[in-house]
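Data file: target-v1.cif. Format and content: mmCIF, C-alpha atoms.
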data_coords
loop_
_atom_site.label_atom_id
_atom_site.label_comp_id
_atom_site.auth_asym_id
_atom_site.auth_seq_id
_atom_site.Cartn_x
_atom_site.Cartn_y
_atom_site.Cartn_z
CA MET A 702 5.48 0.89 16.04
CA CYS A 703 4.52 -2.20 17.95
CA ASP A 704 7.61 -4.34 18.64
CA HIS A 705 5.61 -7.50 18.76
CA CYS A 706 3.87 -7.66 15.46
CA GLY A 707 5.31 -4.82 13.47
CA CYS A 708 2.00 -3.01 13.22
CA ASP A 709 1.58 0.73 13.49
CA GLN A 710 -0.12 0.53 16.84
CA ASN A 711 0.90 -0.41 20.32
CA ASP A 712 -2.18 -1.45 22.13
CA HIS A 713 -3.63 -4.59 20.66
CA PHE A 714 -1.36 -7.54 21.28
CA HIS A 715 -1.88 -10.37 23.68
CA VAL A 716 0.44 -10.75 26.59
CA HIS A 717 0.40 -14.25 28.00
CA PRO A 718 2.70 -15.12 30.86
CA GLY A 719 4.90 -18.12 30.32
CA PRO A 720 4.72 -21.25 32.46
CA GLY A 721 5.21 -20.46 36.14
CA ALA A 722 4.82 -16.74 35.62
CA GLY A 723 1.77 -16.67 37.83
CA ALA A 724 -1.92 -16.48 37.29
CA GLY A 725 -3.70 -14.30 34.86
CA HIS A 726 -2.61 -12.36 31.87
CA ALA A 727 -3.40 -9.22 30.02
CA HIS A 728 -5.19 -8.93 26.74
CA HIS A 729 -5.09 -5.74 24.77
CA HIS A 730 -7.48 -5.66 21.88
CA HIS A 731 -8.69 -3.02 19.51
CA ASP A 732 -11.75 -5.16 19.32
CA PRO A 733 -12.87 -8.51 20.64
CA VAL A 734 -10.85 -10.46 18.16
CA HIS A 735 -12.15 -13.81 19.19
CA SER A 736 -15.72 -12.69 19.49
CA HIS A 737 -16.75 -15.81 17.60
CA HIS A 738 -15.78 -18.02 20.52
CA GLU A 739 -15.11 -17.82 24.23
CA HIS A 740 -11.76 -17.97 25.91
CA ALA A 741 -10.73 -19.92 28.95
CA HIS A 742 -7.13 -19.66 30.02
CA ALA A 743 -4.94 -21.88 32.11
CA ALA A 744 -3.19 -19.73 34.66
CA ASP A 745 0.30 -21.07 34.21
CA ALA A 746 0.59 -21.51 30.50
CA ASP A 747 -0.26 -19.86 27.30
CA TRP A 748 -2.49 -22.65 26.17
CA HIS A 749 -6.14 -21.95 26.20
CA ALA A 750 -9.40 -23.41 25.10
CA HIS A 751 -11.71 -21.97 22.53
CA ARG A 752 -15.35 -22.79 22.84
CA ALA A 753 -17.01 -22.26 19.49
CA GLN A 754 -20.63 -21.26 19.12
CA ASP A 755 -21.56 -24.87 18.40
CA GLY A 756 -20.18 -25.83 21.80
CA THR A 757 -17.09 -27.70 20.64
CA VAL A 758 -13.97 -26.97 22.61
CA SER A 759 -10.58 -26.92 21.05
CA TRP A 760 -7.27 -26.22 22.69
CA HIS A 761 -4.72 -24.22 20.99
CA ARG A 762 -1.58 -22.53 21.98
CA HIS A 763 -1.53 -18.87 21.24
CA VAL A 764 1.83 -17.95 19.93
CA ALA A 765 0.97 -14.39 20.82
CA ASN A 766 3.25 -14.32 23.86
CA ASP A 767 5.92 -13.97 21.21
CA PRO A 768 3.94 -12.97 18.17
CA GLN A 769 6.10 -13.39 15.16
CA PRO A 770 5.24 -11.20 12.24
CA ILE A 771 5.02 -13.38 9.16
CA LEU A 772 7.48 -11.09 7.44
CA ALA A 773 9.77 -11.00 10.50
CA ALA A 774 12.80 -12.01 8.46
CA ASN A 775 12.25 -9.10 6.06
CA GLN A 776 11.62 -6.76 8.97
CA ARG A 777 14.90 -7.75 10.61
CA GLU A 778 16.78 -7.26 7.38
CA ALA A 779 15.05 -3.88 6.89
CA GLU A 780 16.12 -2.74 10.36
CA ARG A 781 19.69 -3.79 9.56
CA ASN A 782 19.52 -1.71 6.38
CA ARG A 783 18.09 1.24 8.29
CA GLU A 784 20.90 1.10 10.85
CA ALA A 785 23.52 0.76 8.14
CA PHE A 786 22.09 3.74 6.24
CA GLN A 787 22.07 5.84 9.39
CA ALA A 788 25.61 4.85 10.29
CA ARG A 789 26.78 5.89 6.84
CA GLY A 790 24.78 9.12 6.83
CA ILE A 791 22.60 7.93 3.94
CA VAL A 792 19.02 9.08 3.48
CA ALA A 793 17.24 6.25 1.66
CA LEU A 794 14.01 6.87 -0.22
CA ASN A 795 11.73 4.10 -1.46
CA LEU A 796 10.11 5.29 -4.70
CA VAL A 797 6.94 3.42 -5.56
CA SER A 798 4.31 3.83 -8.25
CA SER A 799 2.44 2.00 -10.97
CA PRO A 800 4.51 0.93 -13.97
CA GLY A 801 5.04 3.90 -16.25
CA SER A 802 4.34 6.69 -13.77
CA GLY A 803 7.71 8.25 -14.42
CA LYS A 804 9.99 7.06 -11.61
CA THR A 805 13.02 6.68 -13.84
CA THR A 806 12.38 9.94 -15.70
CA LEU A 807 11.98 11.80 -12.40
CA LEU A 808 15.21 10.25 -11.15
CA ARG A 809 17.05 11.24 -14.31
CA ALA A 810 15.88 14.84 -13.94
CA THR A 811 16.68 14.81 -10.22
CA LEU A 812 20.19 13.45 -10.69
CA GLU A 813 20.89 16.04 -13.39
CA ARG A 814 20.16 18.79 -10.88
CA LEU A 815 21.57 17.21 -7.73
CA GLN A 816 24.44 14.90 -8.52
CA ALA A 817 27.02 17.71 -8.86
CA ARG A 818 26.60 18.78 -5.24
CA VAL A 819 25.07 15.80 -3.40
CA GLY A 820 26.35 12.25 -3.66
CA CYS A 821 23.43 10.23 -5.00
CA ALA A 822 23.09 6.55 -5.77
CA VAL A 823 20.26 4.50 -7.23
CA VAL A 824 19.06 0.97 -6.72
CA VAL A 825 16.47 0.10 -9.33
CA GLY A 826 14.21 -2.93 -9.39
CA ASP A 827 12.47 -4.45 -12.40
CA LEU A 828 11.35 -7.91 -13.36
CA GLU A 829 13.73 -7.92 -16.32
CA THR A 830 16.22 -5.79 -18.29
CA GLN A 831 18.89 -3.31 -17.37
CA ALA A 832 17.04 -0.57 -19.24
CA ASP A 833 16.39 1.67 -16.25
CA ALA A 834 19.96 1.41 -14.99
CA GLU A 835 21.22 2.23 -18.49
CA ALA A 836 18.95 5.26 -18.61
CA LEU A 837 20.30 6.56 -15.32
CA ARG A 838 24.02 5.84 -15.76
CA PRO A 839 24.82 8.97 -17.82
CA SER A 840 24.07 10.99 -14.68
CA GLY A 841 27.35 9.75 -13.22
CA ALA A 842 25.65 8.45 -10.08
CA PRO A 843 26.34 4.82 -9.18
CA VAL A 844 23.36 2.71 -10.28
CA VAL A 845 22.62 -0.90 -9.41
CA GLN A 846 19.91 -2.79 -11.23
CA ILE A 847 18.08 -5.59 -9.44
CA THR A 848 16.20 -7.90 -11.76
CA THR A 849 13.67 -9.78 -9.68
CA GLY A 850 12.61 -12.33 -12.31
CA THR A 851 8.98 -12.89 -11.43
CA VAL A 852 8.98 -11.23 -8.02
CA CYS A 853 6.58 -8.29 -7.90
CA HIS A 854 8.37 -6.24 -5.23
CA LEU A 855 11.80 -5.51 -3.80
CA ASP A 856 12.54 -6.92 -0.36
CA ALA A 857 15.07 -5.80 2.21
CA ARG A 858 17.51 -8.60 1.43
CA MET A 859 17.68 -7.68 -2.26
CA VAL A 860 18.34 -4.06 -1.32
CA ALA A 861 21.07 -5.04 1.15
CA ALA A 862 22.83 -7.08 -1.52
CA ALA A 863 22.57 -4.24 -4.05
CA VAL A 864 23.77 -1.59 -1.61
CA ASP A 865 26.81 -3.77 -0.87
CA THR A 866 27.97 -3.15 -4.41
CA LEU A 867 27.75 0.65 -4.13
CA PRO A 868 30.79 2.77 -3.25
CA LYS A 869 31.37 2.79 0.51
CA ASP A 870 31.79 6.54 0.75
CA GLY A 871 30.27 9.67 -0.68
CA VAL A 872 26.64 8.53 -0.93
CA ARG A 873 24.24 10.84 0.88
CA LEU A 874 21.00 10.18 -0.93
CA LEU A 875 19.96 6.71 -2.00
CA PHE A 876 16.99 6.36 -4.31
CA ILE A 877 15.46 2.90 -4.30
CA GLU A 878 13.26 2.66 -7.37
CA ASN A 879 10.89 -0.17 -6.54
CA VAL A 880 9.24 -2.50 -9.04
CA GLY A 881 6.35 -0.67 -10.71
CA ASN A 882 3.42 -1.95 -8.65
CA LEU A 883 1.06 -0.22 -6.25
CA VAL A 884 0.12 -3.33 -4.29
CA CYS A 885 2.94 -5.66 -3.35
CA PRO A 886 5.72 -3.20 -2.38
CA ALA A 887 3.43 -1.87 0.38
CA SER A 888 4.06 -4.98 2.46
CA PHE A 889 7.86 -4.90 2.36
CA ASP A 890 9.87 -2.48 4.44
CA LEU A 891 13.25 -1.94 2.79
CA GLY A 892 14.80 0.03 5.64
CA GLU A 893 14.16 3.32 3.87
CA ALA A 894 13.84 6.62 5.73
CA HIS A 895 10.77 7.58 3.71
CA ARG A 896 8.40 6.16 1.15
CA ILE A 897 7.62 8.44 -1.78
CA VAL A 898 4.68 7.57 -4.03
CA LEU A 899 4.37 8.81 -7.60
CA LEU A 900 1.06 9.34 -9.30
CA ALA A 901 0.96 10.35 -12.97
CA THR A 902 -1.73 12.62 -14.33
CA THR A 903 -2.47 9.90 -16.89
CA GLU A 904 -3.52 7.48 -14.16
CA GLY A 905 -6.58 9.23 -12.81
CA GLU A 906 -7.22 11.06 -9.58
CA ASN A 907 -8.53 8.20 -7.48
CA LYS A 908 -5.45 5.99 -7.24
CA PRO A 909 -4.86 6.90 -3.57
CA LEU A 910 -8.36 5.70 -2.67
CA LYS A 911 -7.91 2.50 -4.66
CA TYR A 912 -4.49 1.60 -3.23
CA PRO A 913 -4.50 2.95 0.31
CA PRO A 914 -1.79 0.70 1.83
CA ILE A 915 0.90 2.14 -0.42
CA PHE A 916 -0.21 5.76 -0.07
CA HIS A 917 -0.89 5.69 3.66
CA GLY A 918 2.21 6.72 5.58
CA ALA A 919 3.98 8.12 2.50
CA ARG A 920 6.25 11.06 3.26
CA ALA A 921 5.42 12.64 -0.06
CA VAL A 922 3.23 12.07 -3.08
CA VAL A 923 4.59 13.34 -6.38
CA ILE A 924 2.07 14.02 -9.11
CA THR A 925 4.08 13.54 -12.30
CA LYS A 926 3.49 14.40 -15.97
CA THR A 927 1.72 17.67 -15.14
CA ASP A 928 2.40 18.73 -18.75
CA LEU A 929 -0.33 16.20 -19.58
CA THR A 930 -2.82 17.44 -17.01
CA GLU A 931 -5.14 18.98 -19.55
CA PRO A 932 -4.97 16.38 -22.31
CA ALA A 933 -5.54 13.66 -19.71
CA GLY A 934 -8.41 15.58 -18.15
CA PHE A 935 -6.75 15.14 -14.77
CA GLN A 936 -8.39 17.05 -11.93
CA LEU A 937 -5.54 18.22 -9.69
CA GLU A 938 -7.82 19.41 -6.91
CA GLN A 939 -9.60 16.08 -6.79
CA ALA A 940 -6.26 14.26 -6.63
CA ARG A 941 -5.04 16.46 -3.78
CA HIS A 942 -8.25 15.72 -1.94
CA ALA A 943 -7.90 11.95 -2.46
CA ILE A 944 -4.31 12.07 -1.18
CA ALA A 945 -5.44 13.98 1.91
CA GLN A 946 -8.07 11.34 2.64
CA VAL A 947 -5.50 8.55 2.72
CA ALA A 948 -2.24 10.23 3.60
CA PRO A 949 -2.99 13.58 5.24
CA GLN A 950 0.62 13.98 6.36
CA ALA A 951 2.10 13.59 2.87
CA GLU A 952 3.60 16.59 1.16
CA ILE A 953 2.33 16.90 -2.39
CA PHE A 954 4.51 17.87 -5.33
CA GLU A 955 3.25 18.53 -8.83
CA LEU A 956 5.84 18.43 -11.55
CA SER A 957 6.80 17.51 -15.06
CA SER A 958 10.18 15.81 -15.32
CA ARG A 959 10.09 16.48 -19.05
CA THR A 960 9.53 20.26 -18.97
CA GLY A 961 11.13 20.81 -15.56
CA ALA A 962 8.06 22.57 -14.20
CA GLY A 963 7.78 22.06 -10.45
CA LEU A 964 11.15 20.35 -10.11
CA ASP A 965 12.62 23.12 -7.95
CA ALA A 966 10.19 22.43 -5.11
CA TRP A 967 10.98 18.71 -5.30
CA ILE A 968 14.74 19.36 -5.18
CA ALA A 969 14.24 21.75 -2.25
CA PHE A 970 12.31 18.99 -0.49
CA LEU A 971 15.22 16.57 -0.97
CA ASP A 972 17.58 19.19 0.42
CA ARG A 973 15.31 19.59 3.45
CA LEU A 974 15.38 15.83 4.03
CA LEU A 975 19.17 15.87 3.92
CA VAL A 976 19.31 18.68 6.45
CA ALA A 977 16.78 16.93 8.70
CA HIS A 978 18.86 13.74 8.63
CA GLY A 979 22.04 15.45 9.80
CA PRO A 980 25.29 16.61 8.26
CA MET B 1274 0.68 -11.61 -5.99
CA HIS B 1275 3.16 -11.11 -3.15
CA GLU B 1276 0.87 -13.39 -1.14
CA VAL B 1277 3.07 -16.22 -2.46
CA ALA B 1278 6.07 -14.71 -0.65
CA ILE B 1279 3.93 -14.18 2.44
CA SER B 1280 2.56 -17.72 2.31
CA GLU B 1281 6.10 -19.05 2.00
CA ALA B 1282 7.22 -17.11 5.09
CA LEU B 1283 4.08 -18.24 6.95
CA LEU B 1284 4.67 -21.91 6.14
CA GLU B 1285 8.30 -21.65 7.25
CA GLN B 1286 7.20 -20.10 10.52
CA LEU B 1287 4.58 -22.80 11.07
CA ALA B 1288 7.06 -25.57 10.32
CA SER B 1289 9.47 -24.20 12.88
CA LEU B 1290 6.70 -23.85 15.50
CA VAL B 1291 5.66 -27.44 14.90
CA GLU B 1292 9.23 -28.63 15.24
CA GLN B 1293 9.84 -26.53 18.34
CA HIS B 1294 6.84 -28.05 20.14
CA GLY B 1295 7.23 -31.59 18.88
CA TRP B 1296 3.87 -31.54 17.12
CA SER B 1297 3.27 -33.42 13.92
CA ARG B 1298 0.54 -31.54 12.08
CA LEU B 1299 -1.64 -28.48 12.41
CA ARG B 1300 -5.42 -28.46 12.28
CA ARG B 1301 -5.98 -24.72 12.26
CA VAL B 1302 -3.98 -21.53 11.94
CA TRP B 1303 -5.11 -18.03 12.86
CA VAL B 1304 -3.54 -15.09 11.07
CA ARG B 1305 -4.21 -11.49 12.00
CA LEU B 1306 -4.25 -8.96 9.17
CA GLY B 1307 -4.19 -5.22 9.55
CA LEU B 1308 -6.42 -3.31 7.20
CA LEU B 1309 -3.31 -1.87 5.56
CA SER B 1310 -1.27 -5.08 5.53
CA GLY B 1311 -1.61 -5.04 1.77
CA VAL B 1312 -2.72 -8.65 1.78
CA VAL B 1313 -5.67 -9.79 -0.26
CA PRO B 1314 -7.28 -12.48 1.94
CA GLU B 1315 -8.46 -14.59 -1.00
CA ALA B 1316 -4.99 -14.51 -2.57
CA LEU B 1317 -3.36 -15.59 0.70
CA GLU B 1318 -5.89 -18.41 1.09
CA PHE B 1319 -5.19 -19.53 -2.44
CA ALA B 1320 -1.41 -19.40 -2.00
CA PHE B 1321 -1.66 -21.23 1.34
CA SER B 1322 -3.77 -24.05 -0.10
CA ALA B 1323 -1.47 -24.38 -3.10
CA MET B 1324 1.76 -24.33 -1.11
CA SER B 1325 0.92 -26.16 2.13
CA PRO B 1326 0.80 -29.77 0.85
CA GLY B 1327 3.91 -31.58 2.06
CA THR B 1328 4.28 -29.26 5.06
CA PRO B 1329 2.94 -29.69 8.63
CA ALA B 1330 0.18 -27.22 7.71
CA ALA B 1331 -1.14 -29.41 4.87
CA GLY B 1332 -4.92 -29.46 5.04
CA ALA B 1333 -5.01 -26.99 7.95
CA GLU B 1334 -7.78 -24.44 8.05
CA LEU B 1335 -6.51 -20.90 7.65
CA VAL B 1336 -8.54 -18.41 9.69
CA LEU B 1337 -7.90 -14.81 8.68
CA GLU B 1338 -8.86 -12.17 11.20
CA THR B 1339 -8.98 -8.62 9.93
CA GLU B 1340 -8.20 -5.87 12.37
CA PRO B 1341 -10.48 -2.88 11.79
CA GLY B 1342 -9.32 0.61 10.90
CA TYR B 1343 -10.52 4.00 12.05
CA PHE B 1344 -11.95 6.61 9.73
CA ASP B 1345 -13.19 10.12 10.25
CA CYS B 1346 -16.32 11.64 8.75
CA ALA B 1347 -16.79 15.40 9.01
CA VAL B 1348 -20.47 14.86 9.78
CA CYS B 1349 -20.64 11.54 11.67
CA GLY B 1350 -17.31 11.59 13.51
CA GLU B 1351 -14.97 8.64 13.97
CA LEU B 1352 -16.04 5.28 12.56
CA GLU B 1353 -14.57 1.82 12.88
CA LEU B 1354 -14.62 -0.16 9.65
CA ASP B 1355 -13.33 -3.61 8.82
CA ARG B 1356 -12.74 -2.69 5.19
CA VAL B 1357 -11.11 0.26 3.54
CA ASP B 1358 -13.79 2.63 2.42
CA PHE B 1359 -13.65 6.33 1.77
CA THR B 1360 -17.38 6.90 1.61
CA CYS B 1361 -19.21 7.21 4.90
CA PRO B 1362 -21.66 4.31 5.26
CA GLN B 1363 -23.97 6.53 7.28
CA CYS B 1364 -24.17 9.80 5.37
CA GLY B 1365 -22.37 9.07 2.11
CA GLY B 1366 -19.83 11.85 2.70
CA PRO B 1367 -16.08 11.47 2.24
CA LEU B 1368 -14.07 9.65 4.89
CA GLN B 1369 -10.52 10.26 5.97
CA LEU B 1370 -8.36 7.37 7.06
CA VAL B 1371 -7.23 8.07 10.62
CA ARG B 1372 -5.32 4.93 11.47
CA ALA B 1373 -5.20 1.31 10.50
CA GLY B 1374 -2.63 -1.36 11.12
CA ARG B 1375 -0.18 -3.08 8.83
CA GLU B 1376 0.14 -6.08 11.10
CA LEU B 1377 0.43 -9.52 9.64
CA PHE B 1378 1.14 -12.26 12.13
CA VAL B 1379 0.18 -15.70 13.36
CA SER B 1380 -2.12 -15.17 16.33
CA GLY B 1381 -2.73 -18.83 17.09
CA VAL B 1382 -2.27 -22.39 16.00
CA GLU B 1383 -4.09 -25.57 16.89
CA PRO B 1384 -2.06 -28.77 16.63
CA MET B 1385 -3.58 -32.08 15.56
CA ASP B 1386 -1.85 -33.69 18.53
CA PRO B 1387 -3.79 -33.87 21.80
#
structure tokens encoding of this file:
Amino acid sequence: MCDHCGCDQNDHFHVHPGPGAGAGHAHHHHDPVHSHHEHAHAADADWHAHRAQDGTVSWHRHVANDPQPILAANQREAERNREAFQARGIVALNLVSSPGSGKTTLLRATLERLQARVGCAVVVGDLETQADAEALRPSGAPVVQITTGTVCHLDARMVAAAVDTLPKDGVRLLFIENVGNLVCPASFDLGEAHRIVLLATTEGENKPLKYPPIFHGARAVVITKTDLTEPAGFQLEQARHAIAQVAPQAEIFELSSRTGAGLDAWIAFLDRLLVAHGP
Amino acid sequence: MHEVAISEALLEQLASLVEQHGWSRLRRVWVRLGLLSGVVPEALEFAFSAMSPGTPAAGAELVLETEPGYFDCAVCGELELDRVDFTCPQCGGPLQLVRAGRELFVSGVEPMDP
């Protein structure tokens, strides 16, 4: 990932030398970003003029010699979380989906099968209520509820504060159940090892094409409520195809948390992640 | 509507830039958006205009620059698009997303001061 702007690529940022650093500078663009106006650059500074198509010249200082991502504060906090998780041997998963896709039900079924042999913990975000935390507590796993009020996503700072309240030892697998929302959580790195997206059969096959930022880069996509595939008229093949268009690297799981069908493959996947992330 | 949180972070960043350089106000602000930044340009514009009064960016023009993404069509090959689209504009076939950025950063500012 690009260190300068936090994007997924490495070859597009501006590099402007600071004052006294000598003449010239390098530009790396995916495309001519300022194609709407010409550039002229002073050799010893990162100020430069823009000449617009109407001929007016304006000076501005590109801040791109130290381009600050707008969400830099969240990114820093996310990296701190990531380091802390690694140091403690925790594999953190960011579970995202629309409201009602079955995140909590999947977690309940997962904890039932896993908690006895793998230390799990859950951080769960909702606008209001402790309902999800209450639903998960019988599993015996430590559960922290974050109520965000009106905020439509979890951010790295909220997760850090919640994780602080978890037991210091014995947690190997941390499930972060994000606020049910396919848009906003895509912009906020929480420091997780992997993002997992859930898609219920009741939602339709085209969700990945409609919400690409959240699906793209997902480690896995879990198609939930497969017991409702037929009544919902859900076309599994079409859904698999849509996922491959947006997130070709994602592993796809198809399961019903209610009947248990397909859960073994999901649990085996979690075990593989634990092995891949060390002892 | 996480654009409110993004606008808040943007305005904080602009205020600190203005302070750092001893400027008073900003005339224009350029923000670069990756195709997968998850930001709806209109929502960010709206949040910025609603939240900037009282800050050094009050009244500043917000210029959003979208970085294109790369898509693959089995028939037409790789295509560069400045919007997310899974239908090939040339042949109508399905497209696969190859890569697109999530970047979201201030690429330039123009102060009011000379």
May I ask which of the residues B:Pro1362, B:Ser1325, B:Glu1292, B:Arg1300 is the closest one to chain A, counting all atoms listed in the file? B:Arg1300
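Going from atom CA of Ile791 of chain A over to atom CA of Leu875 of chain A, you cover 6.6 Å.
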Can you pull out every residue within 7 Å of Val923 of chain A, counting all atoms listed in the file, but drop anything in the same chain fewer than 4 positions away, and send it as a compact mmCIF listing (two decimals) with C-alpha atoms, in the frame of the given file?
# COMPACT_ATOMS: atom_id res chain seq x y z
CA VAL A 898 4.68 7.57 -4.03
CA LEU A 899 4.37 8.81 -7.60
CA LEU A 900 1.06 9.34 -9.30
CA ILE A 953 2.33 16.90 -2.39
CA PHE A 954 4.51 17.87 -5.33
CA GLU A 955 3.25 18.53 -8.83
May I have the residues at most 8 Å from (-13.7, 13.8, 3.7) in the file's coordinates, counting all atoms listed in the file, as an mmCIF file with C-alpha atoms, in the coordinates of the input?
data_model
loop_
_atom_site.group_PDB
_atom_site.id
_atom_site.type_symbol
_atom_site.label_atom_id
_atom_site.label_comp_id
_atom_site.auth_asym_id
_atom_site.auth_seq_id
_atom_site.Cartn_x
_atom_site.Cartn_y
_atom_site.Cartn_z
ATOM 1 C CA GLN A 946 -8.070 11.340 2.640
ATOM 2 C CA ASP B 1345 -13.190 10.120 10.250
ATOM 3 C CA CYS B 1346 -16.320 11.640 8.750
ATOM 4 C CA ALA B 1347 -16.790 15.400 9.010
ATOM 5 C CA PHE B 1359 -13.650 6.330 1.770
ATOM 6 C CA GLY B 1366 -19.830 11.850 2.700
ATOM 7 C CA PRO B 1367 -16.080 11.470 2.240
ATOM 8 C CA LEU B 1368 -14.070 9.650 4.890
ATOM 9 C CA GLN B 1369 -10.520 10.260 5.970
#
For atom CA of Gln831 of chain A and atom CA of Asn879 of chain A, the interatomic separation in Å (one decimal): 13.8 Å
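Note that the spacing between atom CA of Asp865 of chain A and atom CA of Val845 of chain A amounts to 9.9 Å.
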How would you write, as a PyMOL selection string, the residues chosen by the PyMOL selection byres ((chain B) within 9 of (chain A)) on this structure? chain B and resi 1274-1276+1278-1280+1282-1283+1286+1290+1301+1304+1307-1312+1338-1341+1357-1359+1367-1384+1387
Using all atoms listed in the file, which protein or nucleic acid residues come within 7 Å of Leu1354 of chain B? Drop anything in the same chain fewer than 2 positions from it, and give the result as a compact mmCIF listing (two decimals) with C-alpha atoms, keeping the file's coordinate frame.
# COMPACT_ATOMS: atom_id res chain seq x y z
CA PRO B 1341 -10.48 -2.88 11.79
CA GLY B 1342 -9.32 0.61 10.90
CA TYR B 1343 -10.52 4.00 12.05
CA LEU B 1352 -16.04 5.28 12.56
CA ARG B 1356 -12.74 -2.69 5.19
Given the file shown, determine the residues that the PyMOL selection byres ((chain B and resi 1331-1337) around 8) selects; report them as a compact mmCIF listing (two decimals) with C-alpha atoms, keeping the file's coordinate frame.
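See expr_22.txt below for the written result:
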# COMPACT_ATOMS: atom_id res chain seq x y z
CA ARG B 1298 0.54 -31.54 12.08
CA LEU B 1299 -1.64 -28.48 12.41
CA ARG B 1300 -5.42 -28.46 12.28
CA ARG B 1301 -5.98 -24.72 12.26
CA VAL B 1302 -3.98 -21.53 11.94
CA TRP B 1303 -5.11 -18.03 12.86
CA VAL B 1304 -3.54 -15.09 11.07
CA ARG B 1305 -4.21 -11.49 12.00
CA LEU B 1306 -4.25 -8.96 9.17
CA PRO B 1314 -7.28 -12.48 1.94
CA GLU B 1318 -5.89 -18.41 1.09
CA PHE B 1321 -1.66 -21.23 1.34
CA SER B 1322 -3.77 -24.05 -0.10
CA SER B 1325 0.92 -26.16 2.13
CA PRO B 1326 0.80 -29.77 0.85
CA GLY B 1327 3.91 -31.58 2.06
CA THR B 1328 4.28 -29.26 5.06
CA PRO B 1329 2.94 -29.69 8.63
CA ALA B 1330 0.18 -27.22 7.71
CA GLU B 1338 -8.86 -12.17 11.20
CA THR B 1339 -8.98 -8.62 9.93
With the file shown as input, list the residues that the PyMOL selection byres ((chain A and resi 972-979) around 9) selects, as a list in words.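 Listing what the PyMOL selection byres ((chain A and resi 972-979) around 9) selects in the shown file: Gln787, Gly790, Ile791, Val792, Arg873, Leu874, Trp967, Ile968, Ala969, Phe970, Leu971 and Pro980 of chain A.
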Neighbour list for Leu855 of chain A as a PyMOL selection string, cut-off 10 Å, all atoms listed in the file, skip fewer than 3 positions in-chain: chain A and resi 795+825-828+847-849+852+858-860+877-880+885-886+888-891
Pick the closest to Arg814 of chain A from A:Ala834, A:Gly934, A:Ala842, A:Leu867: which is it, counting only C-alpha atoms? A:Ala842
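Each of B:Gln1363, B:Val1291, B:Met1385, B:Met1324 was compared to Gly1350 of chain B using all atoms listed in the file, and B:Gln1363 turns out to be the nearest.
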